[in-house]
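Next comes protein.csv, a file with CSV, C-alpha atoms and all ligand atoms.
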```csv
chain,number,residue,atom,x,y,z
U,1,MET,CA,-11.9,23.0,-16.4
U,2,ARG,CA,-13.9,20.7,-14.2
U,3,HIS,CA,-14.5,17.3,-15.5
U,4,ARG,CA,-17.7,15.5,-14.6
U,5,ALA,CA,-17.4,11.8,-14.4
U,6,THR,CA,-20.0,9.5,-15.8
U,7,VAL,CA,-21.5,7.2,-13.2
U,8,ILE,CA,-21.8,3.4,-13.6
U,9,LEU,CA,-23.7,1.2,-11.2
U,10,MET,CA,-22.5,-2.4,-11.4
U,11,SER,CA,-23.3,-5.6,-9.7
U,12,VAL,CA,-21.0,-8.5,-9.6
U,13,ARG,CA,-23.0,-10.6,-7.2
U,14,LEU,CA,-24.1,-14.1,-8.0
U,15,GLY,CA,-27.5,-13.9,-9.7
U,16,ALA,CA,-27.1,-10.2,-10.6
U,17,PRO,CA,-28.9,-9.2,-13.7
U,18,TYR,CA,-25.8,-8.2,-15.6
U,19,LYS,CA,-22.6,-10.3,-16.1
U,20,ASP,CA,-20.0,-7.8,-14.9
U,21,ARG,CA,-16.5,-9.1,-14.1
U,22,VAL,CA,-13.4,-8.0,-12.3
U,23,ASP,CA,-10.2,-8.9,-14.1
U,24,GLU,CA,-6.5,-8.5,-13.8
U,25,ASN,CA,-6.4,-8.4,-10.0
U,26,GLY,CA,-8.9,-5.6,-9.6
U,27,ARG,CA,-7.5,-3.1,-12.1
U,28,VAL,CA,-9.9,-3.9,-14.9
U,29,LEU,CA,-13.7,-4.2,-14.9
U,30,ILE,CA,-15.6,-5.7,-17.8
U,31,TYR,CA,-19.0,-4.1,-17.7
U,32,GLU,CA,-22.0,-5.4,-19.6
U,33,GLY,CA,-24.2,-2.9,-21.5
U,34,HIS,CA,-27.7,-1.9,-20.8
U,35,ASP,CA,-30.7,-3.9,-22.0
U,36,ASN,CA,-32.9,-1.9,-24.3
U,37,PRO,CA,-36.4,-1.3,-23.0
U,38,ARG,CA,-39.0,-2.9,-25.2
U,39,PRO,CA,-41.7,-0.4,-26.0
U,40,ASP,CA,-44.0,-3.1,-27.3
U,41,GLY,CA,-43.5,-5.2,-24.2
U,42,ALA,CA,-43.6,-8.3,-26.4
U,43,LYS,CA,-40.4,-9.9,-25.2
U,44,SER,CA,-38.2,-9.8,-22.2
U,45,PRO,CA,-35.3,-7.4,-22.6
U,46,LYS,CA,-33.0,-10.4,-21.9
U,47,GLU,CA,-34.2,-12.1,-25.1
U,48,VAL,CA,-33.3,-9.3,-27.5
U,49,ASP,CA,-29.9,-8.0,-28.7
U,50,GLN,CA,-28.5,-4.9,-27.1
U,51,VAL,CA,-28.3,-2.2,-29.7
U,52,GLY,CA,-26.3,1.0,-30.2
U,53,ARG,CA,-29.1,3.0,-31.8
U,54,ASN,CA,-32.7,3.8,-30.9
U,55,PRO,CA,-35.4,3.4,-33.6
U,56,ASP,CA,-35.1,7.1,-34.3
U,57,GLY,CA,-31.4,6.7,-35.0
U,58,SER,CA,-30.1,8.5,-31.9
U,59,PRO,CA,-27.5,6.6,-29.9
U,60,THR,CA,-28.5,4.5,-26.9
U,61,GLN,CA,-26.5,4.6,-23.7
U,62,ASN,CA,-24.5,1.6,-25.1
U,63,GLY,CA,-24.0,3.5,-28.3
U,64,LEU,CA,-22.7,6.6,-26.5
U,65,PHE,CA,-20.2,4.4,-24.5
U,66,ALA,CA,-19.1,2.6,-27.6
U,67,ASN,CA,-18.5,5.8,-29.5
U,68,ALA,CA,-16.5,7.2,-26.6
U,69,ALA,CA,-14.4,4.0,-26.4
U,70,ASN,CA,-13.9,3.9,-30.2
U,71,GLY,CA,-12.9,7.5,-30.2
U,72,TYR,CA,-10.3,6.8,-27.6
U,73,LYS,CA,-9.0,3.8,-29.5
U,74,MET,CA,-8.6,5.9,-32.6
U,75,GLY,CA,-6.7,8.5,-30.7
U,76,ILE,CA,-9.2,11.3,-31.4
U,77,ARG,CA,-10.3,11.9,-27.8
U,78,GLU,CA,-9.4,11.3,-24.1
U,79,PRO,CA,-11.0,8.3,-22.5
U,80,GLU,CA,-14.3,8.8,-20.8
U,81,VAL,CA,-13.9,9.0,-17.0
U,82,VAL,CA,-16.3,6.7,-15.2
U,83,ARG,CA,-17.1,6.6,-11.5
U,84,VAL,CA,-18.1,3.1,-10.6
U,85,TYR,CA,-20.4,2.1,-7.7
U,86,GLU,CA,-21.1,-1.5,-6.9
U,87,LYS,CA,-24.1,-3.0,-5.1
U,88,ILE,CA,-22.8,-5.5,-2.5
U,89,LYS,CA,-26.2,-6.1,-0.8
U,90,THR,CA,-29.7,-4.8,-1.1
U,91,GLY,CA,-29.5,-1.1,-0.3
U,92,ILE,CA,-25.7,-1.0,0.1
U,93,TRP,CA,-23.7,0.6,-2.7
U,94,VAL,CA,-19.9,1.0,-2.4
U,95,TYR,CA,-17.6,3.2,-4.4
U,96,ASN,CA,-15.1,1.3,-6.4
U,97,GLY,CA,-13.2,4.3,-7.8
U,98,LEU,CA,-12.6,6.1,-11.0
U,99,PHE,CA,-12.1,4.2,-14.2
U,100,LEU,CA,-11.3,5.0,-17.8
U,101,LEU,CA,-13.4,3.6,-20.6
U,102,THR,CA,-10.8,2.1,-23.0
U,103,ASP,CA,-12.6,-0.5,-25.1
U,104,ALA,CA,-16.0,-1.6,-26.3
U,105,TRP,CA,-17.2,-4.6,-28.3
U,106,GLN,CA,-20.2,-6.8,-28.8
U,107,GLU,CA,-20.3,-10.5,-28.1
U,108,PRO,CA,-22.8,-13.3,-28.0
U,109,SER,CA,-24.3,-14.2,-24.6
U,110,GLY,CA,-27.2,-16.6,-24.0
U,111,GLY,CA,-28.4,-16.5,-27.6
U,112,ARG,CA,-28.3,-12.8,-28.1
U,113,SER,CA,-25.7,-10.0,-28.6
U,114,VAL,CA,-24.6,-7.8,-25.7
U,115,PHE,CA,-22.2,-4.9,-25.4
U,116,LYS,CA,-19.1,-5.2,-23.2
U,117,PHE,CA,-17.1,-2.3,-22.0
U,118,ARG,CA,-13.5,-2.4,-20.6
U,119,LEU,CA,-12.9,0.0,-17.7
U,120,GLU,CA,-9.4,0.4,-16.4
U,121,LEU,CA,-8.6,1.9,-12.9
U,122,ALA,CA,-7.6,5.5,-13.4
U,123,ASN,CA,-4.2,6.7,-12.2
U,124,GLN,CA,-5.2,9.3,-9.7
U,125,GLU,CA,-2.2,11.6,-10.6
U,126,LYS,CA,-3.6,11.9,-14.1
U,127,LEU,CA,-6.9,13.3,-12.8
U,128,PRO,CA,-6.1,16.6,-11.1
U,129,THR,CA,-9.5,18.1,-11.9
U,130,LEU,CA,-11.4,15.4,-10.1
U,131,THR,CA,-11.6,16.1,-6.4
U,132,ASN,CA,-13.1,14.4,-3.3
U,133,THR,CA,-11.9,11.0,-4.1
U,134,VAL,CA,-10.5,9.7,-0.8
U,135,VAL,CA,-10.4,5.9,-1.0
U,136,ASP,CA,-7.3,3.8,-1.5
U,137,GLN,CA,-8.1,3.1,-5.1
U,138,SER,CA,-5.1,1.1,-6.0
U,139,ARG,CA,-7.2,-2.1,-6.3
U,140,VAL,CA,-10.8,-3.1,-6.4
U,141,ILE,CA,-11.7,-5.3,-3.4
U,142,PRO,CA,-13.5,-8.4,-4.4
U,143,THR,CA,-17.2,-8.4,-3.5
U,144,SER,CA,-16.9,-11.5,-1.2
U,145,VAL,CA,-14.2,-9.7,0.8
U,146,LYS,CA,-16.4,-6.6,1.1
U,147,LEU,CA,-19.3,-8.6,2.3
U,148,GLU,CA,-17.2,-10.3,4.9
U,149,VAL,CA,-15.7,-7.0,6.2
U,150,TRP,CA,-19.2,-5.4,6.2
U,151,ARG,CA,-20.6,-8.2,8.4
U,152,ARG,CA,-17.5,-8.2,10.7
U,153,ASP,CA,-17.5,-4.4,11.2
U,154,GLY,CA,-21.3,-4.2,11.5
U,155,GLY,CA,-21.7,-1.7,8.7
U,156,LYS,CA,-19.9,1.0,10.8
U,157,CYS,CA,-16.7,2.9,10.9
U,158,VAL,CA,-14.4,0.9,13.2
U,159,LYS,CA,-13.1,4.2,14.8
U,160,CYS,CA,-16.3,6.2,15.5
U,161,SER,CA,-19.2,3.9,14.5
U,162,ALA,CA,-20.4,6.4,11.9
U,163,LYS,CA,-22.7,4.7,9.4
U,164,ASP,CA,-22.5,7.3,6.6
U,165,ASN,CA,-19.9,7.7,3.8
U,166,LEU,CA,-18.1,4.5,4.6
U,167,HIS,CA,-15.1,3.3,2.7
U,168,PHE,CA,-13.3,0.0,2.5
U,169,ASP,CA,-9.8,0.9,3.8
U,170,HIS,CA,-6.7,-1.2,3.2
U,171,ILE,CA,-5.1,-1.5,6.7
U,172,ILE,CA,-1.7,-2.0,5.0
U,173,PRO,CA,-1.9,0.1,1.8
U,174,TYR,CA,-1.6,-1.8,-1.4
U,175,SER,CA,1.4,0.4,-2.3
U,176,LYS,CA,3.1,-1.0,0.8
U,177,GLY,CA,2.4,-4.6,0.0
U,178,GLY,CA,-1.1,-5.0,1.6
U,179,THR,CA,-3.6,-7.3,-0.1
U,180,SER,CA,-7.1,-6.6,-1.3
U,181,MET,CA,-7.9,-10.3,-1.3
U,182,ASP,CA,-8.1,-10.9,2.5
U,183,ALA,CA,-10.7,-9.4,4.8
U,184,GLN,CA,-7.9,-9.2,7.5
U,185,ASN,CA,-6.4,-6.3,5.7
U,186,ILE,CA,-9.6,-4.4,5.0
U,187,GLN,CA,-11.7,-2.4,7.4
U,188,LEU,CA,-14.6,0.0,7.3
U,189,LEU,CA,-13.8,3.7,7.8
U,190,CYS,CA,-15.9,6.8,7.5
U,191,VAL,CA,-14.6,9.6,5.2
U,192,ARG,CA,-13.1,11.6,8.0
U,193,HIS,CA,-11.1,8.7,9.5
U,194,ASN,CA,-10.1,7.6,6.0
U,195,LEU,CA,-8.7,11.1,5.3
U,196,GLU,CA,-6.9,11.3,8.6
U,197,LYS,CA,-5.2,8.0,8.0
U,198,ARG,CA,-4.2,9.0,4.5
U,199,ASP,CA,-2.6,12.2,5.8
U,200,ARG,CA,-0.5,10.2,8.3
U,201,ILE,CA,0.8,7.9,5.6
U,202,GLU,CA,1.6,10.6,3.0
D,1,ZN,ZN,-15.0,7.3,11.7
```
Once you've parsed the file, please lay out its structure as structure tokens.
Amino acid sequence: MRHRATVILMSVRLGAPYKDRVDENGRVLIYEGHDNPRPDGAKSPKEVDQVGRNPDGSPTQNGLFANAANGYKMGIREPEVVRVYEKIKTGIWVYNGLFLLTDAWQEPSGGRSVFKFRLELANQEKLPTLTNTVVDQSRVIPTSVKLEVWRRDGGKCVKCSAKDNLHFDHIIPYSKGGTSMDAQNIQLLCVRHNLEKRDRIE
């Protein structure tokens, strides 16, 4: 059976609207829930609590995520698989890999209550039904490193100058001791060159 992954768009830049974090050396993302739109327009969404249910009782996006995480914690379902994209600059989104939704909670933030979701980097071998994932996903590369690499490589594949379907590639793979923390070990590759390199290593 094919499994469709949920998509999350996150933003860890300074001044980003949501307080998302990368923890545990890039294997765990803490993602903040969605603000609830205010139908009355009376207050900013940033001034009111994030809630798990709409006024009609149906779950909000936060509620659906919280139910999935709680179901997993209780052992009654598999974790939700989430595909995470991160905005590193205006108009530039990068793919951070596949994550599993393993925990959810609510916590105070700036005088209101927000949802937090724990996403753990998925072990690729456990996801045989999810195809076309080609990046070295052993670690999330910090945003500052991505921005430095993007500037240095001019937003192009370093092999063929393609500007589409780019991936941040570990020059020395993480599994062979290469770091995610230093731009010297990261380069931009298009999908094709990323796959070619992967085939050589494996
Ligand atoms: Zn290329």
- So which residues fall inside 9 Å of (-12.0, -2.6, -28.2) if we count only C-alpha atoms? Mind giving them as a PyMOL selection string? chain U and resi 66+69-70+73+102-105+117-118
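Contacts with ligand ZN 1 (chain D) are defined as any residue atom within 8 Å of a ligand atom, using all atoms listed in the file; the residues meeting this criterion are Cys157, Val158, Lys159, Cys160, Ser161, Ala162, Leu189, Cys190, Val191, Arg192, His193 and Asn194 of chain U.
For the choices U:Phe65, U:Tyr72, U:Phe168, U:Phe115, the atom-to-atom distance to Val94 of chain U is smallest for U:Phe168 when using all atoms listed in the file.
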- Task: Between atom CA of Gly177 of chain U and atom CA of Asp164 of chain U, measure the distance and give it in Å to one decimal.
- Result: 28.4 Å
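The residue set within 12 Å of segment 46-49 of chain U, counting all atoms listed in the file and dropping same-chain residues fewer than 6 places from it, reads Pro17, Tyr18, Lys19, Gly33, His34, Asp35, Asn36, Pro37, Arg38, Asn62, Gln106, Glu107, Pro108, Ser109, Gly110, Gly111, Arg112, Ser113, Val114 and Phe115 of chain U.
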Could you write out the selected residues, including C-alpha atoms, as a short mmCIF file (atom, residue, chain, number, x, y, z; two decimals), in the frame of the given file?
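Okay, part.cif is ready:
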```cif
data_model
loop_
_atom_site.label_atom_id
_atom_site.label_comp_id
_atom_site.auth_asym_id
_atom_site.auth_seq_id
_atom_site.Cartn_x
_atom_site.Cartn_y
_atom_site.Cartn_z
CA PRO U 17 -28.90 -9.20 -13.70
CA TYR U 18 -25.80 -8.20 -15.60
CA LYS U 19 -22.60 -10.30 -16.10
CA GLY U 33 -24.20 -2.90 -21.50
CA HIS U 34 -27.70 -1.90 -20.80
CA ASP U 35 -30.70 -3.90 -22.00
CA ASN U 36 -32.90 -1.90 -24.30
CA PRO U 37 -36.40 -1.30 -23.00
CA ARG U 38 -39.00 -2.90 -25.20
CA ASN U 62 -24.50 1.60 -25.10
CA GLN U 106 -20.20 -6.80 -28.80
CA GLU U 107 -20.30 -10.50 -28.10
CA PRO U 108 -22.80 -13.30 -28.00
CA SER U 109 -24.30 -14.20 -24.60
CA GLY U 110 -27.20 -16.60 -24.00
CA GLY U 111 -28.40 -16.50 -27.60
CA ARG U 112 -28.30 -12.80 -28.10
CA SER U 113 -25.70 -10.00 -28.60
CA VAL U 114 -24.60 -7.80 -25.70
CA PHE U 115 -22.20 -4.90 -25.40
#
```
- Find the residues around Ala68 of chain U up to 7 Å (only C-alpha atoms counted), leave out those fewer than 4 positions away in its own chain, and share them as a ChimeraX atom specification. /U:64,72,79-80
Please produce a file of the residues just selected, as a PDB file, in the coordinates of the input, where the atoms kept are C-alpha atoms.
```
ATOM      1  CA  LEU U  64     -22.700   6.600 -26.500  1.00  0.00           C
ATOM      2  CA  TYR U  72     -10.300   6.800 -27.600  1.00  0.00           C
ATOM      3  CA  PRO U  79     -11.000   8.300 -22.500  1.00  0.00           C
ATOM      4  CA  GLU U  80     -14.300   8.800 -20.800  1.00  0.00           C
TER       5      GLU U  80
END
```
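Going from atom CA of Leu121 of chain U over to atom CA of Gly97 of chain U, you cover 7.3 Å.
Closest to Asn96 of chain U among U:Asp153, U:Asp182, U:Glu32, U:Glu120 is U:Glu120, based on only C-alpha atoms.
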- Note on the structure: Residue with the minimum atom-to-atom distance to Ile186 of chain U, picked from U:Ile141, U:Ile76, U:Gly155, U:Asn67 with only C-alpha atoms counted, is U:Ile141
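Restricting the calculation to only C-alpha atoms, the smallest distance between Thr143 of chain U and any of U:Met181, U:Val51, U:Leu9, U:Val28 is found for U:Met181.
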